[in-house]
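**Q** So here's query.pdb (PDB, C-alpha atoms, pLDDT in the B column).
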ATOM      1  CA  MET A 188     104.124 107.289  79.595  1.00 48.00           C
ATOM      2  CA  HIS A 189     107.648 107.626  80.978  1.00 54.00           C
ATOM      3  CA  ARG A 190     107.309 111.422  81.067  1.00 59.00           C
ATOM      4  CA  PHE A 191     104.471 111.094  83.610  1.00 54.00           C
ATOM      5  CA  ALA A 192     106.761 109.142  85.945  1.00 64.00           C
ATOM      6  CA  ASN A 193     108.314 112.425  87.031  1.00 74.00           C
ATOM      7  CA  PRO A 194     106.765 113.193  90.459  1.00 76.00           C
ATOM      8  CA  THR A 195     106.463 116.937  89.792  1.00 79.00           C
ATOM      9  CA  ARG A 196     104.733 116.397  86.458  1.00 85.00           C
ATOM     10  CA  PHE A 197     102.551 113.697  87.975  1.00 86.00           C
ATOM     11  CA  LEU A 198     101.422 115.995  90.776  1.00 87.00           C
ATOM     12  CA  ARG A 199     100.511 118.689  88.275  1.00 89.00           C
ATOM     13  CA  TRP A 200      98.098 116.308  86.544  1.00 90.00           C
ATOM     14  CA  ALA A 201      96.944 114.627  89.744  1.00 90.00           C
ATOM     15  CA  ARG A 202      95.799 117.910  91.303  1.00 93.00           C
ATOM     16  CA  VAL A 203      93.362 118.330  88.412  1.00 94.00           C
ATOM     17  CA  LEU A 204      92.334 114.708  87.965  1.00 94.00           C
ATOM     18  CA  THR A 205      91.771 113.796  91.631  1.00 95.00           C
ATOM     19  CA  PRO A 206      88.674 115.978  92.272  1.00 96.00           C
ATOM     20  CA  ALA A 207      87.415 115.479  88.717  1.00 97.00           C
ATOM     21  CA  LEU A 208      87.555 111.681  88.886  1.00 97.00           C
ATOM     22  CA  THR A 209      86.208 111.519  92.436  1.00 96.00           C
ATOM     23  CA  LEU A 210      83.246 113.820  91.863  1.00 97.00           C
ATOM     24  CA  ALA A 211      82.401 112.245  88.505  1.00 97.00           C
ATOM     25  CA  GLY A 212      82.665 108.804  90.098  1.00 97.00           C
ATOM     26  CA  LEU A 213      80.392 109.671  92.999  1.00 97.00           C
ATOM     27  CA  ALA A 214      77.789 111.158  90.660  1.00 98.00           C
ATOM     28  CA  THR A 215      77.964 108.203  88.259  1.00 97.00           C
ATOM     29  CA  THR A 216      77.786 105.692  91.098  1.00 97.00           C
ATOM     30  CA  ALA A 217      74.746 107.463  92.538  1.00 97.00           C
ATOM     31  CA  VAL A 218      72.974 107.281  89.169  1.00 97.00           C
ATOM     32  CA  GLY A 219      73.890 103.642  88.654  1.00 95.00           C
ATOM     33  CA  LEU A 220      72.803 102.582  92.133  1.00 95.00           C
ATOM     34  CA  TRP A 221      69.556 104.538  91.900  1.00 96.00           C
ATOM     35  CA  LEU A 222      68.720 102.865  88.595  1.00 94.00           C
ATOM     36  CA  GLY A 223      69.771  99.472  89.897  1.00 92.00           C
ATOM     37  CA  LEU A 224      68.039  99.641  93.267  1.00 91.00           C
ATOM     38  CA  PHE A 225      64.840 101.425  92.280  1.00 92.00           C
ATOM     39  CA  ALA A 226      64.324 101.492  88.511  1.00 89.00           C
ATOM     40  CA  SER A 227      65.527  98.092  87.288  1.00 88.00           C
ATOM     41  CA  PRO A 228      63.246  95.037  87.382  1.00 86.00           C
ATOM     42  CA  PRO A 229      63.698  92.176  89.860  1.00 84.00           C
ATOM     43  CA  ASP A 230      65.158  88.914  88.586  1.00 75.00           C
ATOM     44  CA  TYR A 231      62.642  86.251  87.617  1.00 73.00           C
ATOM     45  CA  GLN A 232      64.447  83.678  89.785  1.00 74.00           C
ATOM     46  CA  GLN A 233      66.267  85.641  92.504  1.00 80.00           C
ATOM     47  CA  GLY A 234      63.686  88.367  92.964  1.00 78.00           C
ATOM     48  CA  GLU A 235      64.737  91.544  94.770  1.00 83.00           C
ATOM     49  CA  SER A 236      67.962  90.009  96.109  1.00 83.00           C
ATOM     50  CA  VAL A 237      69.531  90.449  92.666  1.00 86.00           C
ATOM     51  CA  ARG A 238      69.918  94.163  93.430  1.00 91.00           C
ATOM     52  CA  ILE A 239      73.012  93.296  95.490  1.00 92.00           C
ATOM     53  CA  MET A 240      74.607  92.711  92.081  1.00 92.00           C
ATOM     54  CA  TYR A 241      74.959  96.459  91.472  1.00 94.00           C
ATOM     55  CA  VAL A 242      77.488  96.681  94.311  1.00 95.00           C
ATOM     56  CA  HIS A 243      78.856  93.136  94.359  1.00 94.00           C
ATOM     57  CA  VAL A 244      79.883  92.839  90.705  1.00 93.00           C
ATOM     58  CA  PRO A 245      81.729  96.199  90.454  1.00 95.00           C
ATOM     59  CA  ALA A 246      83.463  95.437  93.760  1.00 96.00           C
ATOM     60  CA  ALA A 247      84.563  92.022  92.467  1.00 94.00           C
ATOM     61  CA  TRP A 248      85.890  93.438  89.194  1.00 94.00           C
ATOM     62  CA  LEU A 249      87.789  96.223  90.932  1.00 96.00           C
ATOM     63  CA  ALA A 250      89.198  93.844  93.552  1.00 96.00           C
ATOM     64  CA  SER A 251      90.869  91.798  90.811  1.00 96.00           C
ATOM     65  CA  GLY A 252      91.648  94.792  88.611  1.00 96.00           C
ATOM     66  CA  GLY A 253      93.177  96.653  91.534  1.00 97.00           C
ATOM     67  CA  TYR A 254      95.450  93.737  92.355  1.00 97.00           C
ATOM     68  CA  PHE A 255      96.567  93.504  88.734  1.00 97.00           C
ATOM     69  CA  GLY A 256      97.366  97.223  88.745  1.00 96.00           C
ATOM     70  CA  MET A 257      99.274  96.825  92.007  1.00 97.00           C
ATOM     71  CA  ALA A 258     101.281  93.959  90.511  1.00 96.00           C
ATOM     72  CA  VAL A 259     102.139  95.971  87.374  1.00 96.00           C
ATOM     73  CA  ALA A 260     103.277  98.915  89.498  1.00 95.00           C
ATOM     74  CA  SER A 261     105.328  96.542  91.667  1.00 94.00           C
ATOM     75  CA  ALA A 262     107.010  95.079  88.581  1.00 94.00           C
ATOM     76  CA  VAL A 263     107.940  98.573  87.375  1.00 92.00           C
ATOM     77  CA  ALA A 264     109.284  99.408  90.834  1.00 89.00           C
ATOM     78  CA  LEU A 265     111.394  96.232  90.904  1.00 90.00           C
ATOM     79  CA  VAL A 266     112.843  96.672  87.420  1.00 88.00           C
ATOM     80  CA  TRP A 267     113.398 100.443  87.288  1.00 84.00           C
ATOM     81  CA  ARG A 268     113.428 101.202  91.033  1.00 81.00           C
ATOM     82  CA  HIS A 269     111.171 104.194  90.426  1.00 81.00           C
ATOM     83  CA  PRO A 270     109.619 105.499  93.671  1.00 79.00           C
ATOM     84  CA  LEU A 271     106.437 106.669  91.951  1.00 89.00           C
ATOM     85  CA  ALA A 272     105.617 103.092  90.876  1.00 91.00           C
ATOM     86  CA  ALA A 273     106.165 101.817  94.410  1.00 91.00           C
ATOM     87  CA  ILE A 274     103.981 104.625  95.758  1.00 92.00           C
ATOM     88  CA  ALA A 275     101.268 103.703  93.239  1.00 94.00           C
ATOM     89  CA  ALA A 276     101.317 100.078  94.369  1.00 95.00           C
ATOM     90  CA  ARG A 277     101.047 101.094  98.019  1.00 94.00           C
ATOM     91  CA  ALA A 278      98.215 103.504  97.190  1.00 96.00           C
ATOM     92  CA  ILE A 279      96.246 100.821  95.356  1.00 97.00           C
ATOM     93  CA  ALA A 280      96.614  98.121  98.022  1.00 97.00           C
ATOM     94  CA  PRO A 281      94.244  99.387 100.764  1.00 97.00           C
ATOM     95  CA  VAL A 282      91.640 100.485  98.219  1.00 97.00           C
ATOM     96  CA  GLY A 283      91.756  97.097  96.518  1.00 97.00           C
ATOM     97  CA  ALA A 284      91.540  95.359  99.887  1.00 97.00           C
ATOM     98  CA  LEU A 285      88.446  97.407 100.757  1.00 97.00           C
ATOM     99  CA  PHE A 286      86.725  96.465  97.512  1.00 97.00           C
ATOM    100  CA  THR A 287      87.653  92.816  98.068  1.00 97.00           C
ATOM    101  CA  ALA A 288      86.069  92.950 101.517  1.00 97.00           C
ATOM    102  CA  ILE A 289      82.948  94.603 100.052  1.00 97.00           C
ATOM    103  CA  CYS A 290      82.807  91.850  97.428  1.00 95.00           C
ATOM    104  CA  LEU A 291      82.995  89.117 100.068  1.00 96.00           C
ATOM    105  CA  VAL A 292      80.404  90.737 102.360  1.00 95.00           C
ATOM    106  CA  THR A 293      77.891  91.464  99.593  1.00 95.00           C
ATOM    107  CA  GLY A 294      78.491  88.015  98.120  1.00 91.00           C
ATOM    108  CA  SER A 295      77.671  86.437 101.480  1.00 91.00           C
ATOM    109  CA  LEU A 296      74.503  88.530 101.774  1.00 91.00           C
ATOM    110  CA  TRP A 297      73.541  87.480  98.250  1.00 88.00           C
ATOM    111  CA  GLY A 298      74.362  83.855  98.979  1.00 84.00           C
ATOM    112  CA  LYS A 299      71.972  83.546 101.916  1.00 85.00           C
ATOM    113  CA  PRO A 300      68.713  83.857  99.922  1.00 84.00           C
ATOM    114  CA  THR A 301      70.235  82.183  96.838  1.00 80.00           C
ATOM    115  CA  TRP A 302      72.122  79.232  98.332  1.00 82.00           C
ATOM    116  CA  GLY A 303      70.570  79.130 101.801  1.00 83.00           C
ATOM    117  CA  THR A 304      73.861  79.959 103.535  1.00 85.00           C
ATOM    118  CA  TYR A 305      76.173  82.933 103.914  1.00 86.00           C
ATOM    119  CA  TRP A 306      79.346  81.021 103.097  1.00 83.00           C
ATOM    120  CA  VAL A 307      80.494  77.853 101.392  1.00 86.00           C
ATOM    121  CA  TRP A 308      84.052  76.854 100.532  1.00 87.00           C
ATOM    122  CA  ASP A 309      83.280  77.381  96.879  1.00 86.00           C
ATOM    123  CA  ALA A 310      86.220  77.829  94.470  1.00 85.00           C
ATOM    124  CA  ARG A 311      85.257  81.403  93.583  1.00 86.00           C
ATOM    125  CA  LEU A 312      84.606  82.446  97.173  1.00 89.00           C
ATOM    126  CA  THR A 313      87.765  80.791  98.469  1.00 91.00           C
ATOM    127  CA  SER A 314      89.987  82.354  95.799  1.00 93.00           C
ATOM    128  CA  MET A 315      88.487  85.784  96.566  1.00 94.00           C
ATOM    129  CA  LEU A 316      89.254  85.242 100.256  1.00 96.00           C
ATOM    130  CA  VAL A 317      92.829  84.368  99.277  1.00 96.00           C
ATOM    131  CA  LEU A 318      92.943  87.647  97.333  1.00 96.00           C
ATOM    132  CA  LEU A 319      92.011  89.557 100.494  1.00 97.00           C
ATOM    133  CA  PHE A 320      94.800  87.783 102.396  1.00 97.00           C
ATOM    134  CA  LEU A 321      97.254  88.694  99.616  1.00 97.00           C
ATOM    135  CA  TYR A 322      96.252  92.341  99.900  1.00 97.00           C
ATOM    136  CA  LEU A 323      96.645  92.251 103.681  1.00 97.00           C
ATOM    137  CA  GLY A 324      99.992  90.471 103.388  1.00 96.00           C
ATOM    138  CA  TYR A 325     101.202  93.115 100.955  1.00 95.00           C
ATOM    139  CA  LEU A 326     100.085  95.911 103.280  1.00 95.00           C
ATOM    140  CA  GLY A 327     101.899  94.313 106.219  1.00 94.00           C
ATOM    141  CA  LEU A 328     105.140  93.826 104.285  1.00 92.00           C
ATOM    142  CA  ALA A 329     104.964  97.319 102.794  1.00 91.00           C
ATOM    143  CA  ALA A 330     104.505  98.888 106.233  1.00 90.00           C
ATOM    144  CA  ALA A 331     107.462  96.908 107.606  1.00 90.00           C
ATOM    145  CA  GLU A 332     109.668  97.883 104.651  1.00 86.00           C
ATOM    146  CA  ASP A 333     108.736 101.558 104.860  1.00 79.00           C
ATOM    147  CA  GLU A 334     109.639 101.585 108.544  1.00 78.00           C
ATOM    148  CA  ARG A 335     112.932  99.801 107.874  1.00 80.00           C
ATOM    149  CA  HIS A 336     113.960 102.050 104.978  1.00 65.00           C
ATOM    150  CA  GLY A 337     112.830 105.353 106.443  1.00 63.00           C
ATOM    151  CA  GLY A 338     109.648 105.654 104.400  1.00 59.00           C
ATOM    152  CA  ASP A 339     111.322 105.144 101.003  1.00 60.00           C
ATOM    153  CA  PRO A 340     109.056 102.671  99.157  1.00 61.00           C
ATOM    154  CA  ALA A 341     111.534 102.209  96.294  1.00 58.00           C
ATOM    155  CA  GLN A 342     113.967 100.455  98.664  1.00 63.00           C
ATOM    156  CA  GLY A 343     111.606  97.584  99.481  1.00 69.00           C
ATOM    157  CA  ARG A 344     111.390  94.378  97.479  1.00 87.00           C
ATOM    158  CA  ALA A 345     109.478  91.808  99.545  1.00 90.00           C
ATOM    159  CA  ALA A 346     106.070  93.446  99.142  1.00 91.00           C
ATOM    160  CA  ALA A 347     106.565  93.853  95.385  1.00 93.00           C
ATOM    161  CA  ILE A 348     107.585  90.198  95.028  1.00 94.00           C
ATOM    162  CA  LEU A 349     104.505  89.095  96.968  1.00 94.00           C
ATOM    163  CA  ALA A 350     102.324  91.204  94.643  1.00 95.00           C
ATOM    164  CA  LEU A 351     103.832  89.490  91.600  1.00 95.00           C
ATOM    165  CA  VAL A 352     103.539  85.995  93.061  1.00 95.00           C
ATOM    166  CA  GLY A 353      99.908  86.628  93.975  1.00 95.00           C
ATOM    167  CA  VAL A 354      98.998  87.323  90.340  1.00 96.00           C
ATOM    168  CA  VAL A 355      98.645  83.547  89.895  1.00 96.00           C
ATOM    169  CA  ASN A 356      95.433  83.818  91.921  1.00 94.00           C
ATOM    170  CA  LEU A 357      93.744  86.125  89.383  1.00 95.00           C
ATOM    171  CA  PRO A 358      93.136  83.512  86.644  1.00 93.00           C
ATOM    172  CA  ILE A 359      91.946  81.129  89.347  1.00 92.00           C
ATOM    173  CA  ILE A 360      89.331  83.700  90.374  1.00 90.00           C
ATOM    174  CA  LYS A 361      88.383  84.339  86.762  1.00 88.00           C
ATOM    175  CA  PHE A 362      88.070  80.743  85.573  1.00 84.00           C
ATOM    176  CA  SER A 363      87.145  78.967  88.809  1.00 78.00           C
ATOM    177  CA  VAL A 364      83.480  78.747  87.779  1.00 73.00           C
ATOM    178  CA  GLU A 365      84.533  77.083  84.516  1.00 73.00           C
ATOM    179  CA  TRP A 366      87.267  74.786  85.809  1.00 71.00           C
ATOM    180  CA  TRP A 367      85.278  73.371  88.739  1.00 67.00           C
ATOM    181  CA  ASN A 368      81.661  72.523  89.504  1.00 68.00           C
ATOM    182  CA  THR A 369      80.813  75.382  91.865  1.00 71.00           C
ATOM    183  CA  LEU A 370      77.711  76.922  93.387  1.00 64.00           C
ATOM    184  CA  HIS A 371      78.725  80.312  92.050  1.00 67.00           C
ATOM    185  CA  GLN A 372      77.065  81.086  88.740  1.00 69.00           C
ATOM    186  CA  GLY A 373      79.117  81.216  85.558  1.00 64.00           C
ATOM    187  CA  PRO A 374      80.129  84.426  83.782  1.00 66.00           C
ATOM    188  CA  SER A 375      77.154  86.519  82.681  1.00 64.00           C
ATOM    189  CA  ILE A 376      79.228  89.032  80.696  1.00 64.00           C
ATOM    190  CA  THR A 377      81.964  88.148  78.208  1.00 61.00           C
ATOM    191  CA  LEU A 378      83.796  90.116  75.535  1.00 55.00           C
ATOM    192  CA  THR A 379      81.263  89.081  72.905  1.00 61.00           C
ATOM    193  CA  LYS A 380      77.925  88.734  74.683  1.00 64.00           C
ATOM    194  CA  SER A 381      75.881  89.212  77.831  1.00 66.00           C
ATOM    195  CA  THR A 382      73.119  87.086  79.305  1.00 67.00           C
ATOM    196  CA  ILE A 383      71.862  89.950  81.486  1.00 79.00           C
ATOM    197  CA  ASP A 384      68.708  91.767  80.429  1.00 72.00           C
ATOM    198  CA  PRO A 385      69.508  95.259  79.070  1.00 85.00           C
ATOM    199  CA  ALA A 386      67.285  96.848  81.733  1.00 85.00           C
ATOM    200  CA  MET A 387      69.620  95.367  84.346  1.00 87.00           C
ATOM    201  CA  LEU A 388      72.850  95.560  82.350  1.00 89.00           C
ATOM    202  CA  ARG A 389      72.739  99.345  81.859  1.00 92.00           C
ATOM    203  CA  PRO A 390      72.677 100.283  85.554  1.00 93.00           C
ATOM    204  CA  LEU A 391      75.291  97.603  86.244  1.00 93.00           C
ATOM    205  CA  LEU A 392      77.698  99.127  83.714  1.00 94.00           C
ATOM    206  CA  ILE A 393      76.977 102.636  85.022  1.00 96.00           C
ATOM    207  CA  SER A 394      77.725 101.458  88.566  1.00 96.00           C
ATOM    208  CA  LEU A 395      80.924  99.812  87.365  1.00 96.00           C
ATOM    209  CA  ALA A 396      82.030 103.028  85.667  1.00 97.00           C
ATOM    210  CA  GLY A 397      81.238 105.056  88.776  1.00 97.00           C
ATOM    211  CA  PHE A 398      83.066 102.718  91.156  1.00 97.00           C
ATOM    212  CA  THR A 399      86.065 102.680  88.807  1.00 97.00           C
ATOM    213  CA  LEU A 400      86.276 106.474  88.740  1.00 97.00           C
ATOM    214  CA  VAL A 401      86.025 106.635  92.535  1.00 97.00           C
ATOM    215  CA  PHE A 402      88.725 103.956  92.795  1.00 98.00           C
ATOM    216  CA  ALA A 403      91.033 105.981  90.544  1.00 97.00           C
ATOM    217  CA  GLY A 404      90.308 109.218  92.397  1.00 97.00           C
ATOM    218  CA  VAL A 405      91.066 107.705  95.806  1.00 97.00           C
ATOM    219  CA  VAL A 406      94.294 106.127  94.524  1.00 97.00           C
ATOM    220  CA  LEU A 407      95.462 109.476  93.143  1.00 96.00           C
ATOM    221  CA  MET A 408      94.540 111.107  96.456  1.00 96.00           C
ATOM    222  CA  ARG A 409      96.620 108.574  98.372  1.00 95.00           C
ATOM    223  CA  MET A 410      99.560 108.954  95.964  1.00 94.00           C
ATOM    224  CA  ARG A 411      99.535 112.727  96.407  1.00 93.00           C
ATOM    225  CA  ALA A 412      99.495 112.312 100.193  1.00 92.00           C
ATOM    226  CA  ALA A 413     102.364 109.804 100.044  1.00 89.00           C
ATOM    227  CA  LEU A 414     104.465 112.118  97.876  1.00 88.00           C
ATOM    228  CA  ALA A 415     103.795 114.991 100.257  1.00 86.00           C
ATOM    229  CA  ARG A 416     104.958 112.854 103.213  1.00 82.00           C
ATOM    230  CA  THR A 417     108.072 111.789 101.289  1.00 73.00           C
ATOM    231  CA  ARG A 418     108.997 115.382 100.423  1.00 71.00           C
ATOM    232  CA  THR A 419     108.358 116.539 103.996  1.00 65.00           C
ATOM    233  CA  ALA A 420     110.563 113.757 105.355  1.00 59.00           C
ATOM    234  CA  ALA A 421     113.329 114.594 102.866  1.00 58.00           C
ATOM    235  CA  ARG A 422     113.156 118.278 103.768  1.00 62.00           C
ATOM    236  CA  GLY A 423     113.336 117.365 107.451  1.00 55.00           C
ATOM    237  CA  ARG A 424     116.450 115.243 106.859  1.00 57.00           C
ATOM    238  CA  ARG A 425     118.139 118.064 104.935  1.00 58.00           C
ATOM    239  CA  LEU A 426     117.426 120.528 107.734  1.00 56.00           C
ATOM    240  CA  ALA A 427     118.708 118.075 110.324  1.00 57.00           C
ATOM    241  CA  GLU A 428     121.948 117.623 108.365  1.00 61.00           C
ATOM    242  CA  ALA A 429     122.317 121.371 107.922  1.00 61.00           C
ATOM    243  CA  TYR A 430     122.086 122.034 111.659  1.00 61.00           C
ATOM    244  CA  ALA A 431     124.066 118.945 112.706  1.00 58.00           C
TER     245      ALA A 431
END
Now that the file is in, can you turn its structure into structure tokens?

**A**
Amino acid sequence: MHRFANPTRFLRWARVLTPALTLAGLATTAVGLWLGLFASPPDYQQGESVRIMYVHVPAAWLASGGYFGMAVASAVALVWRHPLAAIAARAIAPVGALFTAICLVTGSLWGKPTWGTYWVWDARLTSMLVLLFLYLGYLGLAAAEDERHGGDPAQGRAAAILALVGVVNLPIIKFSVEWWNTLHQGPSITLTKSTIDPAMLRPLLISLAGFTLVFAGVVLMRMRAALARTRTAARGRRLAEAYA
């Protein structure tokens, strides 16, 4: 994988993968949502409100998965000081924050007919809200570091450290419904089994695949834009030094 850390080689692959992943993700998401919203059966307990699941669950998975990816990229940036890893972390952060916000909003909409209220200080909900604050904190620190270091993300450390510290929240999100007595339902899908009816599970997995592809496509798009800004800034500095 080290050979793909070269920015020029990365851009060569990213130019091909960005439209492919984005278009495939949009098409897959459209199929999954159509099946989930119109073709799947209502839940025998929750009725039609269960259809929020086809957006809420993928958003929740990608919120946590995105943060984990951001933390891994931050660790690589801290250890090897590679700018591409720092750029990847910064590209993931706003996308992960958006999916976290979608998760919280759809969860609140789902909670109203299920629990009778939009919000409770439930362990799962609270830990997801903390995740959103971690994303926002990372974005704030990253913006401050980029301004301080002239847009060079590899020079910053505070944002990367925050990303690594925040990883402790991920197992809390994952196991909160098992460690505490919460209103939020327990896990419906594990590595070995699923309690969801296949007619509902199939569109859910299709939606998850589609959202994941879109997530990856947008991250690659943001990384390409960040690299273009970095190269433009470097070229501008070289010209300024040449004419100084």

**Q** Taking all atoms listed in the file into account, name the residue in A:Ser394, A:Gln233, A:Asn356, A:Ser363 that is nearest to Gly298 (chain A).

**A**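 Once distances to Gly298 (chain A) are computed over all atoms listed in the file, the minimum belongs to A:Gln233.
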
**Q** Might you spell out which residues the PyMOL selection byres ((chain A and resi 210) around 12) would select in the displayed file, as a list of chain:residue names?

**A**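 With the PyMOL selection byres ((chain A and resi 210) around 12) on this model, the match is A:Val203, A:Leu204, A:Thr205, A:Pro206, A:Ala207, A:Leu208, A:Thr209, A:Ala211, A:Gly212, A:Leu213, A:Ala214, A:Thr215, A:Thr216, A:Ala217, A:Gly397, A:Phe398, A:Thr399, A:Leu400, A:Val401, A:Phe402, A:Ala403, A:Gly404, A:Val405.
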
**Q** If you keep C-alpha atoms, can you produce a file of those selected residues as a compact mmCIF listing (two decimals), in the frame of the given file?

**A**
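So the final result, stored in part23.txt, reads:
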# COMPACT_ATOMS: atom_id res chain seq x y z
CA VAL A 203 93.36 118.33 88.41
CA LEU A 204 92.33 114.71 87.96
CA THR A 205 91.77 113.80 91.63
CA PRO A 206 88.67 115.98 92.27
CA ALA A 207 87.42 115.48 88.72
CA LEU A 208 87.56 111.68 88.89
CA THR A 209 86.21 111.52 92.44
CA ALA A 211 82.40 112.24 88.50
CA GLY A 212 82.66 108.80 90.10
CA LEU A 213 80.39 109.67 93.00
CA ALA A 214 77.79 111.16 90.66
CA THR A 215 77.96 108.20 88.26
CA THR A 216 77.79 105.69 91.10
CA ALA A 217 74.75 107.46 92.54
CA GLY A 397 81.24 105.06 88.78
CA PHE A 398 83.07 102.72 91.16
CA THR A 399 86.06 102.68 88.81
CA LEU A 400 86.28 106.47 88.74
CA VAL A 401 86.02 106.64 92.54
CA PHE A 402 88.72 103.96 92.80
CA ALA A 403 91.03 105.98 90.54
CA GLY A 404 90.31 109.22 92.40
CA VAL A 405 91.07 107.70 95.81

**Q** Let me know the residues the PyMOL selection byres ((chain A and resi 273) around 12) catches in the file above, as a short mmCIF file (atom, residue, chain, number, x, y, z; two decimals) with C-alpha atoms, in the coordinates of the input.

**A**
data_model
loop_
_atom_site.label_atom_id
_atom_site.label_comp_id
_atom_site.auth_asym_id
_atom_site.auth_seq_id
_atom_site.Cartn_x
_atom_site.Cartn_y
_atom_site.Cartn_z
CA ALA A 192 106.76 109.14 85.94
CA GLY A 256 97.37 97.22 88.74
CA MET A 257 99.27 96.82 92.01
CA ALA A 258 101.28 93.96 90.51
CA VAL A 259 102.14 95.97 87.37
CA ALA A 260 103.28 98.92 89.50
CA SER A 261 105.33 96.54 91.67
CA ALA A 262 107.01 95.08 88.58
CA VAL A 263 107.94 98.57 87.38
CA ALA A 264 109.28 99.41 90.83
CA LEU A 265 111.39 96.23 90.90
CA VAL A 266 112.84 96.67 87.42
CA TRP A 267 113.40 100.44 87.29
CA ARG A 268 113.43 101.20 91.03
CA HIS A 269 111.17 104.19 90.43
CA PRO A 270 109.62 105.50 93.67
CA LEU A 271 106.44 106.67 91.95
CA ALA A 272 105.62 103.09 90.88
CA ILE A 274 103.98 104.62 95.76
CA ALA A 275 101.27 103.70 93.24
CA ALA A 276 101.32 100.08 94.37
CA ARG A 277 101.05 101.09 98.02
CA ALA A 278 98.22 103.50 97.19
CA ILE A 279 96.25 100.82 95.36
CA ALA A 280 96.61 98.12 98.02
CA TYR A 325 101.20 93.12 100.96
CA ALA A 329 104.96 97.32 102.79
CA GLU A 332 109.67 97.88 104.65
CA ASP A 333 108.74 101.56 104.86
CA GLY A 338 109.65 105.65 104.40
CA ASP A 339 111.32 105.14 101.00
CA PRO A 340 109.06 102.67 99.16
CA ALA A 341 111.53 102.21 96.29
CA GLN A 342 113.97 100.46 98.66
CA GLY A 343 111.61 97.58 99.48
CA ARG A 344 111.39 94.38 97.48
CA ALA A 345 109.48 91.81 99.54
CA ALA A 346 106.07 93.45 99.14
CA ALA A 347 106.56 93.85 95.38
CA ILE A 348 107.58 90.20 95.03
CA ALA A 350 102.32 91.20 94.64
CA MET A 410 99.56 108.95 95.96
CA ALA A 413 102.36 109.80 100.04
CA LEU A 414 104.46 112.12 97.88
#

**Q** Go through the shown structure with the PyMOL selection byres ((chain A and resi 245) around 8) and write out the matching residues as a list in words.

**A**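 In the shown coordinates, the PyMOL selection byres ((chain A and resi 245) around 8) covers Tyr241, Val242, His243, Val244, Ala246, Ala247, Trp248, Leu249, Leu391, Ser394, Leu395, Phe398 and Thr399 of chain A.
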
**Q** Please tell me which residues are no farther than 10 Å from (87.1, 82.1, 88.2) in the file, counting only C-alpha atoms, and write them as a PyMOL selection string.

**A** chain A and resi 310-312+314-315+356-367+369+371+373-374

**Q** Could you please determine the separation between CA of Gly252 (chain A) and CA of Ala284 (chain A) in Å, to one decimal place?

**A**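 Spanning CA of Gly252 (chain A) to CA of Ala284 (chain A) is a straight-line distance of 11.3 Å.
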
**Q** Please compute the CA of Glu235 (chain A)-CA of Ser295 (chain A) distance, one decimal, in Å.

**A**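 Between CA of Glu235 (chain A) and CA of Ser295 (chain A) the gap works out to 15.4 Å.
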
**Q** Which residue gives the smallest distance to Phe225 (chain A) among A:Val307, A:Ala386, A:Ala201, A:Leu285, with all atoms listed in the file counted?

**A**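 Closest residue, counting all atoms listed in the file: A:Ala386.
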
**Q** How far is it from CA of Val355 (chain A) to CA of Met408 (chain A), in Å with one decimal?

**A**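 Between these atoms lies a distance of 28.6 Å.
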
**Q** Could you check which of A:Gly324, A:Thr293, A:Thr304, A:Leu318 is closest to Val354 (chain A), using all atoms listed in the file?

**A**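 Result for the nearest residue to Val354 (chain A): A:Leu318.
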
**Q** Calculated over all atoms listed in the file, which of the candidates A:Leu224, A:Trp308, A:Val282, A:Ser236 has the smallest distance to Leu296 (chain A)?

**A** A:Ser236

**Q** Quick one: residues within 12 Å of Pro385 (chain A), all atoms listed in the file counted, chain neighbours fewer than 6 positions away excluded, as JSON, numbers by chain?

**A** {"A": [223, 227, 228, 376, 391, 392]}
